[in-house]
Amino acid sequence: MKSKYYAEPFKIKMVEPIKILTAEERLEKIKEANYNLFSLDSEDVYIDLLSDSGTGAMSTGQWAGMMAGDEAYSGSKNFKNLERAAQNIFGYKYIQPVHQGRAAEKVVLPILLGPGKYAISNMHFDTTRAHVEIAGARAIDCVVPEALDTETYSPFKGNMDTKRLKKLIAEYGAKNIGLIIMTITNNSAGGQPVSMENLRETSKIAAEYNIPLLIDAARFAENAYFIKQREKGYEDKSIREIVLEMFSYGKIFTMSSKKDAIVNIGGLIGIKDDEGLYEEVKARTIPFEGFISYGGLAGRDLEALAIGLEEGIDYNYLKYRIGQMEYLAARLDKANIPYQSPVGGHAVFIDAKKLLPHIPYYEFPGQALAVELYKEAGIRTCDIGSFMMGNDPDTGEQIESQFEFTRLAIPRRVYTQSHLDVIADALMSIKERADSISGYKINWEPEILRHFTAKLVPKK
Ligand code: F0G
C-alpha cells in the first residue's frame, strides 16, 4: 500500500497541551489502574486512541455556532437548522435529535422488536445488541466470511452475507424478523465498509419480506468515501450523492453523531416517510430524551451538529481522514505488523493473535498489547477480543472470540502525522520484544460488561 500522506486540510488555532510521563511513571500508573486502560486518568495518557467517539476537534465554524445557541424549550432555531441540514443530506422527512447513538437505539428498537423477534445485522455494535436484547429480542450477526480473514484483501469486508440472510429469514420466519440492521461502517469487523451493491441487495431482500431496514449510521461519511474509492461506477459521484443513495435503501436510521458529524455529544433518528412510526418515536423521545425540538441536547449542541454534518461529508476532509489510516497501515506493512486489512475508516485493528501468538485467548492477547502500548509510549487503546467478550452467560466459561484485536481508534482532526509515527514506532519496538510479553489473568470482574472495570494482573 502506498504511504502517501494527505496533509491536514486545516490549520491549528488552539492547542491542548498533553503531559508526557516517564516510562517508570507509566508503569506505576498502569499498575495502579489494575492493567485496565479504562481506569487510567486521561491526563496520564499521551495519545488517546480509546475511541473515535465524541473525541473529535470542532472547527471554528462549529464553535461560532455554539455561540448562536437558541436555548428555547421548544422550536429553537438551531433545531430548524439541524432538521434542514439532515433532511438535505439523508433525504429523510422526519429528523429527531437525541443525546447520543444509544439513546436513538433505546427510543427506536422497542417499537420494532419484542419477545420472540429477531434482529439480523451485518454486525451489531455492543449497545445496539444490548438494546435488541433489552427489548426482549435476539440479535444475530450475519457478516460476510471475508471479514474473519484479516490478511486477505477484500474491498467491502463490512458487507451483509445476503445468502445467509435469506436462509435465516426462511429458518426463523419473515414475520419474526423485526428488523434488518445495516451498520455502516461495520465497526466490530474493523471499521470495514459496506458496498452500495450490498446495501441495494439487502434492501431488496428486506422489501421482499416486508421487514424494515434500519441503518446504524455512525460512520456513514467514511463509508461513502470508501464507496467512491473502491466501487465501480461511483468514482465520479460526489460524497453527497453517494450518501443520498446509501440512505435511499433504508427506512429508518439511528446515528451516533459523535463520530462522522464531529461533535462531542449528539445523536439522530431519521425516518424516511412513515408518519406513524415518527409519532411513536416522538412519544418515546419526550419521556426519555426531552422535548422533540431538543432531544437531550442544548440548542448550541444542535447547531454544532448541523454544521458538523456538512463538514463530515467534505471530500478533502475525508481524504485526509482515511489517509491517516492508510499512512499508519503502510508503516505497519513495512514492519510486518498484522492488522485487519485493508485498514478501516476510523481505526486500525491490530491482529494481536498474530503479533503475540504465544498468548492464548484466555490470557487476552488484545489486552496484553494494549497494556504494552501504554507502557511503551503512553498510548491508550482497547481490546476488541476475548477480554471484551467476557464469559458465556450459561456456562460461565470464558468465550473464545473470533478476533483478538487491539483497536487504535483515531479521533477526528486531533492528532498529526508525528503522532501517527509515534504509534507506528511503538508497535515496531513491541514487535521486537513480543516473545517476552506475557498474558493477563483477571483478579476481579463484574457480571456484565466486565472489560470496563475488571482488575487484571500479569500472568508472570
Ligand atoms: N453504533 C455504532 C456502530 C457505534 O460504533 C456506536 C458507538 C454506537 C452505535 C453507540 O453510539 O456511543 O453515541 O451511544 N461506538 C463507540 C466506539 C462508543 O468507541 O466505537 P453512542
# chains A, B, ... in the order shown; residues from 1 in each chain; ligands from 1

call {"tool": "closest_atom_pairs", "arguments": {"of": "chain A", "to": "ligand 1", "cutoff": "10 Å", "atoms": "only C-alpha atoms and all ligand atoms", "output": "Markdown table"}}
result
| residue | atom | partner | partner_atom_place_in_ligand_line | distance |
| --- | --- | --- | --- | --- |
| A:Leu49 | CA | ligand 1 | 19 (O) | 9.4 |
| A:Leu50 | CA | ligand 1 | 19 (O) | 7.0 |
| A:Ser51 | CA | ligand 1 | 19 (O) | 4.2 |
| A:Asp52 | CA | ligand 1 | 19 (O) | 5.9 |
| A:Ser53 | CA | ligand 1 | 16 (C) | 5.2 |
| A:Gly54 | CA | ligand 1 | 13 (O) | 7.7 |
| A:Thr55 | CA | ligand 1 | 19 (O) | 9.7 |
| A:Val98 | CA | ligand 1 | 13 (O) | 9.6 |
| A:His99 | CA | ligand 1 | 13 (O) | 7.7 |
| A:Gln100 | CA | ligand 1 | 13 (O) | 4.0 |
| A:Gly101 | CA | ligand 1 | 11 (O) | 3.5 |
| A:Arg102 | CA | ligand 1 | 14 (O) | 3.7 |
| A:Ala103 | CA | ligand 1 | 14 (O) | 6.4 |
| A:Ala104 | CA | ligand 1 | 14 (O) | 8.0 |
| A:Glu105 | CA | ligand 1 | 9 (C) | 7.9 |
| A:Lys106 | CA | ligand 1 | 14 (O) | 9.7 |
| A:Met123 | CA | ligand 1 | 3 (C) | 8.6 |
| A:His124 | CA | ligand 1 | 3 (C) | 7.3 |
| A:Phe125 | CA | ligand 1 | 3 (C) | 5.1 |
| A:Asp126 | CA | ligand 1 | 8 (C) | 7.5 |
| A:Thr127 | CA | ligand 1 | 10 (C) | 5.8 |
| A:Thr128 | CA | ligand 1 | 9 (C) | 6.1 |
| A:Arg129 | CA | ligand 1 | 9 (C) | 9.5 |
| A:Met182 | CA | ligand 1 | 3 (C) | 9.4 |
| A:Thr183 | CA | ligand 1 | 3 (C) | 5.8 |
| A:Ile184 | CA | ligand 1 | 3 (C) | 6.9 |
| A:Thr185 | CA | ligand 1 | 3 (C) | 7.0 |
| A:Asn186 | CA | ligand 1 | 3 (C) | 6.6 |
| A:Asn187 | CA | ligand 1 | 3 (C) | 5.4 |
| A:Ser188 | CA | ligand 1 | 3 (C) | 7.7 |
| A:Gly191 | CA | ligand 1 | 3 (C) | 8.8 |
| A:Ile215 | CA | ligand 1 | 1 (N) | 9.6 |
| A:Asp216 | CA | ligand 1 | 1 (N) | 5.8 |
| A:Ala217 | CA | ligand 1 | 3 (C) | 6.9 |
| A:Ala218 | CA | ligand 1 | 3 (C) | 5.4 |
| A:Arg219 | CA | ligand 1 | 3 (C) | 7.2 |
| A:Phe220 | CA | ligand 1 | 3 (C) | 9.7 |
| A:Thr254 | CA | ligand 1 | 9 (C) | 7.9 |
| A:Met255 | CA | ligand 1 | 9 (C) | 6.7 |
| A:Ser256 | CA | ligand 1 | 13 (O) | 4.1 |
| A:Ser257 | CA | ligand 1 | 13 (O) | 6.6 |
| A:Lys258 | CA | ligand 1 | 13 (O) | 5.8 |
| A:Lys259 | CA | ligand 1 | 13 (O) | 7.9 |
| A:Asn264 | CA | ligand 1 | 13 (O) | 9.3 |
| A:Ile265 | CA | ligand 1 | 13 (O) | 7.3 |
| A:Gly266 | CA | ligand 1 | 13 (O) | 6.9 |
| A:Gly267 | CA | ligand 1 | 13 (O) | 6.4 |
| A:Leu268 | CA | ligand 1 | 13 (O) | 9.5 |
| A:His346 | CA | ligand 1 | 20 (O) | 8.9 |
| A:Ala347 | CA | ligand 1 | 20 (O) | 9.4 |
| A:Cys382 | CA | ligand 1 | 19 (O) | 9.4 |
| A:Arg407 | CA | ligand 1 | 19 (O) | 9.4 |
| A:Ala409 | CA | ligand 1 | 19 (O) | 7.5 |

call {"tool": "residues_around", "arguments": {"residues": "Gly190 in chain A", "least_positions_apart": "2", "cutoff": "12 Å", "atoms": "only C-alpha atoms", "output": "PyMOL selection string"}}
result
chain A and resi 123+125+143+146-150+156-159+183-188+192-194+325+339-351+384-385+403-409

call {"tool": "write_last_selection", "arguments": {"atoms": "N, CA and C atoms", "output": "short mmCIF file (atom, residue, chain, number, x, y, z; two decimals), in the first residue's frame"}}
result
data_model
loop_
_atom_site.label_atom_id
_atom_site.label_comp_id
_atom_site.auth_asym_id
_atom_site.auth_seq_id
_atom_site.Cartn_x
_atom_site.Cartn_y
_atom_site.Cartn_z
N MET A 123 -23.38 -6.64 11.54
CA MET A 123 -22.80 -6.83 12.86
C MET A 123 -23.39 -5.79 13.78
N PHE A 125 -23.29 -3.38 16.86
CA PHE A 125 -22.38 -2.77 17.84
C PHE A 125 -22.90 -3.16 19.23
N VAL A 143 -22.34 -11.25 8.97
CA VAL A 143 -21.35 -10.57 8.14
C VAL A 143 -20.77 -11.55 7.13
N GLU A 146 -15.47 -13.09 4.57
CA GLU A 146 -14.17 -12.40 4.34
C GLU A 146 -13.76 -11.57 5.55
N ALA A 147 -14.74 -11.10 6.32
CA ALA A 147 -14.44 -10.24 7.47
C ALA A 147 -13.55 -10.96 8.48
N LEU A 148 -13.65 -12.29 8.51
CA LEU A 148 -12.92 -13.04 9.54
C LEU A 148 -11.46 -13.30 9.16
N ASP A 149 -11.15 -13.07 7.88
CA ASP A 149 -9.79 -13.30 7.41
C ASP A 149 -9.08 -11.95 7.37
N THR A 150 -8.20 -11.72 8.34
CA THR A 150 -7.62 -10.37 8.47
C THR A 150 -6.55 -10.08 7.43
N PHE A 156 -14.87 -4.72 0.63
CA PHE A 156 -16.04 -4.42 1.46
C PHE A 156 -16.29 -5.53 2.48
N LYS A 157 -15.36 -5.62 3.43
CA LYS A 157 -15.46 -6.67 4.44
C LYS A 157 -16.59 -6.43 5.44
N GLY A 158 -17.24 -5.26 5.35
CA GLY A 158 -18.33 -4.98 6.28
C GLY A 158 -19.67 -5.52 5.79
N ASN A 159 -19.71 -6.04 4.56
CA ASN A 159 -20.99 -6.42 3.94
C ASN A 159 -21.81 -7.44 4.71
N THR A 183 -25.04 -1.81 9.66
CA THR A 183 -24.13 -0.93 10.39
C THR A 183 -23.06 -0.43 9.44
N ILE A 184 -23.04 0.90 9.21
CA ILE A 184 -22.07 1.46 8.27
C ILE A 184 -21.25 2.54 8.97
N THR A 185 -19.93 2.43 8.89
CA THR A 185 -19.18 1.24 8.55
C THR A 185 -19.37 0.18 9.63
N ASN A 186 -18.92 -1.02 9.33
CA ASN A 186 -19.06 -2.13 10.27
C ASN A 186 -17.94 -2.03 11.31
N ASN A 187 -18.28 -1.40 12.43
CA ASN A 187 -17.29 -1.11 13.48
C ASN A 187 -16.61 -2.38 13.98
N SER A 188 -17.43 -3.36 14.41
CA SER A 188 -16.87 -4.53 15.10
C SER A 188 -15.99 -5.38 14.19
N GLN A 192 -14.94 -1.66 8.74
CA GLN A 192 -14.96 -2.06 7.33
C GLN A 192 -16.22 -1.56 6.63
N PRO A 193 -16.08 -1.10 5.38
CA PRO A 193 -17.24 -0.54 4.68
C PRO A 193 -18.20 -1.58 4.12
N VAL A 194 -19.39 -1.08 3.80
CA VAL A 194 -20.44 -1.85 3.13
C VAL A 194 -20.60 -1.25 1.75
N MET A 325 -5.37 6.77 8.24
CA MET A 325 -5.40 5.31 8.49
C MET A 325 -4.46 4.62 7.50
N TYR A 339 -2.63 -6.54 10.85
CA TYR A 339 -3.83 -5.79 11.24
C TYR A 339 -4.96 -6.18 10.29
N GLN A 340 -6.20 -5.82 10.64
CA GLN A 340 -7.34 -6.11 9.76
C GLN A 340 -7.13 -5.30 8.49
N SER A 341 -6.93 -6.02 7.39
CA SER A 341 -6.54 -5.38 6.14
C SER A 341 -7.58 -5.63 5.04
N PRO A 342 -7.92 -4.63 4.22
CA PRO A 342 -7.41 -3.27 4.24
C PRO A 342 -7.90 -2.52 5.49
N VAL A 343 -7.18 -1.45 5.78
CA VAL A 343 -7.48 -0.71 7.01
C VAL A 343 -8.89 -0.10 6.93
N GLY A 344 -9.54 0.02 8.09
CA GLY A 344 -10.90 0.56 8.14
C GLY A 344 -10.94 2.08 8.14
N GLY A 345 -12.11 2.61 8.44
CA GLY A 345 -12.31 4.06 8.31
C GLY A 345 -11.93 4.86 9.54
N HIS A 346 -12.11 4.28 10.72
CA HIS A 346 -11.94 5.08 11.94
C HIS A 346 -10.84 4.55 12.84
N ALA A 347 -10.24 3.43 12.46
CA ALA A 347 -9.32 2.79 13.38
C ALA A 347 -8.46 1.79 12.64
N VAL A 348 -7.32 1.48 13.25
CA VAL A 348 -6.51 0.36 12.79
C VAL A 348 -6.68 -0.73 13.85
N PHE A 349 -7.10 -1.90 13.42
CA PHE A 349 -7.32 -3.01 14.33
C PHE A 349 -6.12 -3.95 14.23
N ILE A 350 -5.23 -3.87 15.21
CA ILE A 350 -4.02 -4.72 15.18
C ILE A 350 -4.42 -6.15 15.54
N ASP A 351 -3.92 -7.10 14.75
CA ASP A 351 -4.22 -8.51 15.00
C ASP A 351 -3.28 -9.04 16.07
N ILE A 384 -10.42 -5.55 21.59
CA ILE A 384 -11.68 -5.99 20.97
C ILE A 384 -11.46 -7.48 20.72
N GLY A 385 -11.64 -8.26 21.73
CA GLY A 385 -11.36 -9.69 21.62
C GLY A 385 -11.97 -10.42 22.80
N PHE A 403 -11.95 -12.86 16.89
CA PHE A 403 -10.82 -11.95 16.68
C PHE A 403 -10.13 -11.68 18.01
N GLU A 404 -8.84 -11.38 17.95
CA GLU A 404 -8.15 -10.80 19.12
C GLU A 404 -7.51 -9.51 18.61
N PHE A 405 -8.28 -8.44 18.65
CA PHE A 405 -7.80 -7.16 18.14
C PHE A 405 -7.40 -6.22 19.28
N THR A 406 -6.44 -5.33 18.97
CA THR A 406 -6.23 -4.14 19.78
C THR A 406 -6.62 -2.98 18.87
N ARG A 407 -7.62 -2.21 19.29
CA ARG A 407 -8.16 -1.18 18.40
C ARG A 407 -7.49 0.16 18.64
N LEU A 408 -6.92 0.71 17.57
CA LEU A 408 -6.33 2.05 17.61
C LEU A 408 -7.34 2.98 16.94
N ALA A 409 -8.27 3.51 17.71
CA ALA A 409 -9.32 4.38 17.14
C ALA A 409 -8.77 5.81 17.08
#

call {"tool": "residues_around", "arguments": {"residues": "Tyr249 in chain A", "least_positions_apart": "2", "cutoff": "12 Å", "atoms": "only C-alpha atoms", "output": "VMD selection string"}}
result
chain A and resid 90 to 92 180 to 182 195 to 207 212 to 215 242 to 247 251 to 253 271 to 272

call {"tool": "write_last_selection", "arguments": {"atoms": "N, CA, C and O atoms", "output": "compact mmCIF listing (two decimals), in the first residue's frame"}}
result
# COMPACT_ATOMS: atom_id res chain seq x y z
N PHE A 90 -29.64 13.38 4.06
CA PHE A 90 -30.09 11.99 4.07
C PHE A 90 -31.34 11.74 3.23
O PHE A 90 -31.67 10.59 2.93
N GLY A 91 -32.05 12.79 2.90
CA GLY A 91 -33.28 12.62 2.11
C GLY A 91 -34.41 12.02 2.91
O GLY A 91 -35.32 11.39 2.35
N TYR A 92 -34.37 12.15 4.25
CA TYR A 92 -35.45 11.62 5.10
C TYR A 92 -36.32 12.78 5.57
O TYR A 92 -35.82 13.87 5.86
N ILE A 180 -33.96 -5.60 10.01
CA ILE A 180 -32.64 -5.87 9.45
C ILE A 180 -31.84 -4.60 9.69
O ILE A 180 -32.31 -3.49 9.40
N ILE A 181 -30.64 -4.75 10.27
CA ILE A 181 -29.83 -3.58 10.64
C ILE A 181 -28.54 -3.59 9.83
O ILE A 181 -27.81 -4.58 9.85
N MET A 182 -28.27 -2.50 9.14
CA MET A 182 -27.02 -2.39 8.40
C MET A 182 -26.15 -1.36 9.11
O MET A 182 -26.50 -0.18 9.18
N SER A 195 -20.68 -2.08 0.72
CA SER A 195 -20.78 -1.54 -0.64
C SER A 195 -22.20 -1.09 -0.95
O SER A 195 -23.16 -1.53 -0.30
N MET A 196 -22.32 -0.24 -1.97
CA MET A 196 -23.65 0.20 -2.40
C MET A 196 -24.44 -1.00 -2.91
O MET A 196 -25.63 -1.14 -2.64
N GLU A 197 -23.74 -1.87 -3.62
CA GLU A 197 -24.41 -3.05 -4.18
C GLU A 197 -25.01 -3.90 -3.06
O GLU A 197 -26.15 -4.39 -3.16
N ASN A 198 -24.26 -4.05 -1.98
CA ASN A 198 -24.72 -4.87 -0.86
C ASN A 198 -25.90 -4.19 -0.13
O ASN A 198 -26.85 -4.86 0.28
N LEU A 199 -25.85 -2.86 -0.03
CA LEU A 199 -26.97 -2.13 0.58
C LEU A 199 -28.23 -2.31 -0.26
O LEU A 199 -29.32 -2.56 0.26
N ARG A 200 -28.04 -2.21 -1.58
CA ARG A 200 -29.16 -2.34 -2.51
C ARG A 200 -29.78 -3.73 -2.41
O ARG A 200 -31.00 -3.89 -2.30
N GLU A 201 -28.92 -4.74 -2.42
CA GLU A 201 -29.35 -6.13 -2.37
C GLU A 201 -30.08 -6.44 -1.04
O GLU A 201 -31.14 -7.05 -1.03
N THR A 202 -29.51 -5.94 0.06
CA THR A 202 -30.12 -6.18 1.37
C THR A 202 -31.47 -5.48 1.45
O THR A 202 -32.45 -6.03 1.98
N SER A 203 -31.53 -4.28 0.88
CA SER A 203 -32.78 -3.53 0.89
C SER A 203 -33.85 -4.26 0.08
O SER A 203 -35.03 -4.29 0.46
N LYS A 204 -33.43 -4.89 -1.01
CA LYS A 204 -34.37 -5.65 -1.85
C LYS A 204 -34.94 -6.83 -1.08
O LYS A 204 -36.14 -7.09 -1.10
N ILE A 205 -34.05 -7.53 -0.38
CA ILE A 205 -34.49 -8.68 0.41
C ILE A 205 -35.46 -8.22 1.51
O ILE A 205 -36.51 -8.80 1.73
N ALA A 206 -35.09 -7.12 2.18
CA ALA A 206 -35.94 -6.59 3.25
C ALA A 206 -37.33 -6.25 2.71
O ALA A 206 -38.35 -6.60 3.32
N ALA A 207 -37.37 -5.62 1.52
CA ALA A 207 -38.65 -5.22 0.94
C ALA A 207 -39.48 -6.45 0.54
O ALA A 207 -40.69 -6.50 0.77
N PRO A 212 -38.53 -4.00 7.93
CA PRO A 212 -37.87 -2.69 7.82
C PRO A 212 -36.34 -2.79 7.88
O PRO A 212 -35.80 -3.59 8.63
N LEU A 213 -35.67 -1.98 7.06
CA LEU A 213 -34.20 -1.93 7.07
C LEU A 213 -33.78 -0.66 7.81
O LEU A 213 -34.11 0.46 7.39
N LEU A 214 -33.06 -0.86 8.92
CA LEU A 214 -32.56 0.26 9.71
C LEU A 214 -31.06 0.40 9.46
O LEU A 214 -30.33 -0.59 9.45
N ILE A 215 -30.63 1.63 9.22
CA ILE A 215 -29.20 1.88 9.04
C ILE A 215 -28.63 2.43 10.35
O ILE A 215 -29.13 3.43 10.87
N ILE A 242 -23.49 10.06 -3.07
CA ILE A 242 -23.35 8.68 -2.58
C ILE A 242 -24.15 8.49 -1.29
O ILE A 242 -24.87 7.50 -1.12
N VAL A 243 -24.04 9.48 -0.39
CA VAL A 243 -24.77 9.38 0.89
C VAL A 243 -26.28 9.31 0.62
O VAL A 243 -26.99 8.47 1.19
N LEU A 244 -26.77 10.15 -0.27
CA LEU A 244 -28.21 10.15 -0.57
C LEU A 244 -28.65 8.79 -1.08
O LEU A 244 -29.68 8.27 -0.66
N GLU A 245 -27.84 8.20 -1.97
CA GLU A 245 -28.23 6.88 -2.48
C GLU A 245 -28.17 5.82 -1.38
O GLU A 245 -29.08 5.00 -1.26
N MET A 246 -27.10 5.88 -0.55
CA MET A 246 -27.00 4.89 0.54
C MET A 246 -28.26 4.90 1.40
O MET A 246 -28.82 3.86 1.71
N PHE A 247 -28.69 6.09 1.78
CA PHE A 247 -29.83 6.18 2.71
C PHE A 247 -31.16 5.89 2.02
O PHE A 247 -32.14 5.55 2.69
N LYS A 251 -35.14 2.54 5.72
CA LYS A 251 -36.42 3.17 6.06
C LYS A 251 -36.26 4.07 7.28
O LYS A 251 -37.00 5.03 7.48
N ILE A 252 -35.27 3.70 8.11
CA ILE A 252 -35.03 4.42 9.36
C ILE A 252 -33.52 4.45 9.56
O ILE A 252 -32.84 3.52 9.12
N PHE A 253 -33.01 5.48 10.22
CA PHE A 253 -31.63 5.35 10.69
C PHE A 253 -31.52 5.80 12.14
O PHE A 253 -32.30 6.63 12.61
N ILE A 271 -36.36 9.15 9.88
CA ILE A 271 -37.41 8.27 9.35
C ILE A 271 -37.75 8.77 7.97
O ILE A 271 -38.04 9.96 7.79
N LYS A 272 -37.70 7.85 7.01
CA LYS A 272 -37.83 8.30 5.62
C LYS A 272 -39.18 8.97 5.38
O LYS A 272 -39.23 10.12 4.97

call {"tool": "closest_atom_pairs", "arguments": {"of": "range 299-408 of chain A", "to": "range 437-448 of chain A", "cutoff": "6 Å", "atoms": "only C-alpha atoms", "output": "JSON lines"}}
result
{"residue": "A:Ile359", "atom": "CA", "partner": "A:Gly439", "partner_atom": "CA", "distance": 5.7}
{"residue": "A:Glu363", "atom": "CA", "partner": "A:Gly439", "partner_atom": "CA", "distance": 4.7}
{"residue": "A:Ala368", "atom": "CA", "partner": "A:Gly439", "partner_atom": "CA", "distance": 5.7}

call {"tool": "closest_residue", "arguments": {"among": "A:Asp421, A:Glu432, A:Glu289, A:Asp301", "to": "Asn336 in chain A", "atoms": "only C-alpha atoms"}}
result
A:Glu432

call {"tool": "residues_around", "arguments": {"residues": "Lys117 in chain A", "least_positions_apart": "6", "cutoff": "10 Å", "atoms": "only C-alpha atoms", "output": "JSON, numbers by chain"}}
result
{"A": [132, 133, 135, 136, 137, 138, 139, 172, 173, 174, 175, 176, 177, 178, 179]}

call {"tool": "select_by_dssp", "arguments": {"residues": "range 253-450 of chain A", "states": "strand (DSSP E or B)", "output": "JSON, numbers by chain"}}
result
{"A": [253, 254, 255, 256, 267, 268, 269, 270, 271, 339, 347, 348, 349, 350, 351, 379, 380, 382, 383, 384, 391, 398, 405, 406, 407, 408, 409, 440, 441, 442, 443, 444]}

call {"tool": "residues_around", "arguments": {"residues": "Ser386 in chain A", "least_positions_apart": "6", "cutoff": "10 Å", "atoms": "only C-alpha atoms", "output": "ChimeraX atom specification"}}
result
/A:360-367,398-405,451

call {"tool": "write_last_selection", "arguments": {"atoms": "C-alpha atoms", "output": "PDB file, in the first residue's frame"}}
result
ATOM      1  CA  PRO A 360      -3.813 -17.919  24.457  1.00  0.00           C
ATOM      2  CA  TYR A 361      -7.247 -16.285  24.157  1.00  0.00           C
ATOM      3  CA  TYR A 362      -7.929 -16.814  27.874  1.00  0.00           C
ATOM      4  CA  GLU A 363      -4.889 -14.665  28.685  1.00  0.00           C
ATOM      5  CA  PHE A 364      -6.133 -11.883  26.379  1.00  0.00           C
ATOM      6  CA  PRO A 365      -3.582 -11.024  23.674  1.00  0.00           C
ATOM      7  CA  GLY A 366      -5.517  -7.878  22.631  1.00  0.00           C
ATOM      8  CA  GLN A 367      -5.425  -6.579  26.193  1.00  0.00           C
ATOM      9  CA  GLN A 398     -14.544 -17.585  29.017  1.00  0.00           C
ATOM     10  CA  ILE A 399     -15.761 -17.074  25.437  1.00  0.00           C
ATOM     11  CA  GLU A 400     -13.148 -17.506  22.710  1.00  0.00           C
ATOM     12  CA  SER A 401     -13.557 -14.530  20.383  1.00  0.00           C
ATOM     13  CA  GLN A 402     -13.198 -14.911  16.610  1.00  0.00           C
ATOM     14  CA  PHE A 403     -10.822 -11.946  16.679  1.00  0.00           C
ATOM     15  CA  GLU A 404      -8.154 -10.800  19.117  1.00  0.00           C
ATOM     16  CA  PHE A 405      -7.795  -7.157  18.138  1.00  0.00           C
ATOM     17  CA  HIS A 451     -13.990  -5.058  30.370  1.00  0.00           C
TER      18      HIS A 451
END

call {"tool": "atom_distance", "arguments": {"atom1": "CA of Ile269 in chain A", "atom2": "CA of Tyr294 in chain A"}}
result
12.4 Å

call {"tool": "select_by_dssp", "arguments": {"residues": "range 321-392 of chain A", "states": "alpha helix (DSSP H)", "output": "number ranges by chain"}}
result
A: 321-334, 352-355, 365-377, 386-389

call {"tool": "closest_residue", "arguments": {"among": "A:Ala221, A:Leu318, A:Ile430, A:Ala298", "to": "Tyr374 in chain A", "atoms": "only C-alpha atoms"}}
result
A:Ile430

call {"tool": "closest_residue", "arguments": {"among": "A:Lys455, A:Lys93, A:Arg412, A:Lys375", "to": "Lys29 in chain A", "atoms": "only C-alpha atoms"}}
result
A:Lys375
